[in-house]
Amino acid sequence: MKHKITLLLFSLTILLTSLNSSAGADSANDLLSQMISSYGGAKTLEKLNRPYKQVWQLNAVSRNAHGNDTRYIELPDKLKVELTYPHNSEIRILDGDHGSKIYDKTKHVEAKGPALDAMYLQRMRLYSPLLLKDRVANIKLSEKNDHYCLTLTEGGLIAEYFVNKQTHMIDTVIGTLQMGVKKMQFRTEYGDYKMEHGVMLPHQEIKYAGNVNTAVLTLLETSFNAENKD
């Protein structure tokens, strides 16, 4: 009799563990469905799966410089970022697994190692709730105070999306980069959400590398179906 009770308890433990695991996946899926609705709906969010362009006003706090951040975005694979200052410029191009940088429009450098991983993280933080839902099998859901946390693991990199429990909007994305034996975190805080062509988009970004505030950006314009002629 004692053996049967032990076996029964063991079976119940296995069953509950399985149910909890399934519930976790379902909960992440349900949250992403709520986020899709809050951002404007699945049909509208499909605009972010096609090429679009954004122009941001850039205040590079850490280097005391002002300029523009122009992005050509074609997720989930392509991202081109042009950082333009009065006396210099930098272009970052990510196409699938290949990354490169162009300094002052003349010096071309292939991105490798941590520099390439940082570009991957920059692309991951731009994933819409629709793209995140496609990756729900690689996402874990947790809660941290007044936020849900969606943790996405992709290509050995980790991106955490902190979702406001009230608005179901992403307030913060933290990307973790392994640099030798050390880890580096890149944090972007989002604010001033407004509707753009039916899609809720943040109009402010505040960026940090570790604990250092590197930049504050303000969205100037968004163009959907934009073509990157380069």
# chains A, B, ... in the order shown; residues from 1 in each chain; ligands from 1
>>> closest_atom_pairs(of="region 76-110 of chain A", to="region 118-138 of chain A", cutoff="9 Å", atoms="only C-alpha atoms", output="tab-separated table")
residue	atom	partner	partner_atom	distance
A:Pro76	CA	A:Tyr127	CA	7.4
A:Asp77	CA	A:Arg123	CA	8.1
A:Lys78	CA	A:Arg123	CA	8.0
A:Leu79	CA	A:Arg123	CA	6.7
A:Arg92	CA	A:Met119	CA	8.0
A:Ile93	CA	A:Met119	CA	8.5
A:Leu94	CA	A:Met119	CA	7.0
A:Asp97	CA	A:Tyr120	CA	8.4
A:Gly99	CA	A:Met119	CA	7.5
>>> write_last_selection(atoms="N, CA and C atoms", output="JSON list (two decimals), in the first residue's frame")
[["chain", "number", "residue", "atom", "x", "y", "z"],
["A", 76, "PRO", "N", 12.75, 39.80, -40.25],
["A", 76, "PRO", "CA", 13.65, 39.59, -39.11],
["A", 76, "PRO", "C", 15.14, 39.56, -39.46],
["A", 77, "ASP", "N", 15.50, 39.87, -40.72],
["A", 77, "ASP", "CA", 16.89, 39.63, -41.14],
["A", 77, "ASP", "C", 17.75, 40.89, -41.29],
["A", 78, "LYS", "N", 17.17, 41.97, -41.79],
["A", 78, "LYS", "CA", 17.99, 43.09, -42.22],
["A", 78, "LYS", "C", 17.78, 44.36, -41.38],
["A", 79, "LEU", "N", 18.89, 45.03, -41.14],
["A", 79, "LEU", "CA", 18.85, 46.29, -40.41],
["A", 79, "LEU", "C", 20.04, 47.14, -40.84],
["A", 92, "ARG", "N", 25.96, 51.07, -39.88],
["A", 92, "ARG", "CA", 25.99, 49.68, -39.45],
["A", 92, "ARG", "C", 25.01, 48.90, -40.31],
["A", 93, "ILE", "N", 25.48, 47.83, -40.91],
["A", 93, "ILE", "CA", 24.65, 47.03, -41.80],
["A", 93, "ILE", "C", 24.64, 45.59, -41.32],
["A", 94, "LEU", "N", 23.44, 45.06, -41.11],
["A", 94, "LEU", "CA", 23.28, 43.67, -40.67],
["A", 94, "LEU", "C", 22.34, 42.99, -41.66],
["A", 97, "ASP", "N", 23.37, 36.79, -41.08],
["A", 97, "ASP", "CA", 24.45, 36.56, -40.12],
["A", 97, "ASP", "C", 25.67, 37.44, -40.38],
["A", 99, "GLY", "N", 27.60, 41.10, -40.71],
["A", 99, "GLY", "CA", 27.53, 42.49, -40.29],
["A", 99, "GLY", "C", 28.76, 43.26, -40.72]]
>>> residues_around(residues="region 193-198 of chain A", least_positions_apart="6", cutoff="8 Å", atoms="only C-alpha atoms", output="list in words")
Gly40, Thr44, Gln204 and Thr222 of chain A
>>> residues_around(residues="region 168-176 of chain A", least_positions_apart="4", cutoff="7 Å", atoms="only C-alpha atoms", output="PyMOL selection string")
chain A and resi 34-35+38+121+125+157-164+183-191
>>> select_by_dssp(residues="region 60-108 of chain A", states="strand (DSSP E or B)", output="PyMOL selection string")
chain A and resi 60+65-74+78-84+89-95+98-103+107-108
>>> atom_distance(atom1="CA of Ile139 (chain A)", atom2="CA of Thr153 (chain A)")
6.7 Å
>>> closest_residue(among="A:Asn64, A:Ser27, A:Thr70, A:Ser33", to="Tyr52 (chain A)", atoms="only C-alpha atoms")
A:Thr70
>>> residues_around(residues="His87 (chain A)", least_positions_apart="3", cutoff="12 Å", atoms="only C-alpha atoms", output="ChimeraX atom specification")
/A:65-67,83-84,90,103-105
>>> select_by_dssp(residues="region 27-210 of chain A", states="alpha helix (DSSP H)", output="PyMOL selection string")
chain A and resi 27-39+42-45+113-124+129-134
>>> closest_residue(among="A:Asp117, A:Lys101, A:Glu154, A:Pro86", to="Leu58 (chain A)", atoms="only C-alpha atoms")
A:Pro86
>>> closest_residue(among="A:Ala28, A:Leu45, A:Arg63, A:Ser142", to="Ala215 (chain A)", atoms="only C-alpha atoms")
A:Arg63
>>> residues_around(residues="His203 (chain A)", least_positions_apart="3", cutoff="6 Å", atoms="only C-alpha atoms", output="MDAnalysis selection string")
chainID A and resid 192:193 218:219
>>> write_last_selection(atoms="all heavy atoms", output="short mmCIF file (atom, residue, chain, number, x, y, z; two decimals), in the first residue's frame")
data_model
loop_
_atom_site.label_atom_id
_atom_site.label_comp_id
_atom_site.auth_asym_id
_atom_site.auth_seq_id
_atom_site.Cartn_x
_atom_site.Cartn_y
_atom_site.Cartn_z
N ASP A 192 6.72 57.60 -24.51
CA ASP A 192 5.98 58.48 -25.41
C ASP A 192 5.39 57.71 -26.59
O ASP A 192 5.62 58.04 -27.75
CB ASP A 192 6.89 59.62 -25.89
CG ASP A 192 6.10 60.74 -26.58
OD1 ASP A 192 4.89 60.86 -26.33
OD2 ASP A 192 6.69 61.48 -27.38
N TYR A 193 4.61 56.67 -26.27
CA TYR A 193 3.98 55.88 -27.33
C TYR A 193 2.90 56.70 -28.03
O TYR A 193 2.07 57.34 -27.39
CB TYR A 193 3.36 54.61 -26.74
CG TYR A 193 4.33 53.46 -26.63
CD1 TYR A 193 5.11 53.29 -25.48
CD2 TYR A 193 4.46 52.53 -27.65
CE1 TYR A 193 5.99 52.21 -25.38
CE2 TYR A 193 5.34 51.46 -27.55
CZ TYR A 193 6.10 51.30 -26.42
OH TYR A 193 6.98 50.24 -26.31
N THR A 218 14.76 60.85 -30.04
CA THR A 218 13.38 61.27 -30.25
C THR A 218 12.98 60.99 -31.69
O THR A 218 13.68 61.40 -32.62
CB THR A 218 13.20 62.77 -29.96
OG1 THR A 218 13.63 63.05 -28.62
CG2 THR A 218 11.74 63.18 -30.11
N LEU A 219 11.87 60.28 -31.88
CA LEU A 219 11.44 59.90 -33.23
C LEU A 219 10.91 61.11 -33.99
O LEU A 219 10.04 61.84 -33.49
CB LEU A 219 10.36 58.82 -33.14
CG LEU A 219 9.84 58.26 -34.47
CD1 LEU A 219 10.96 57.58 -35.25
CD2 LEU A 219 8.69 57.28 -34.23
#
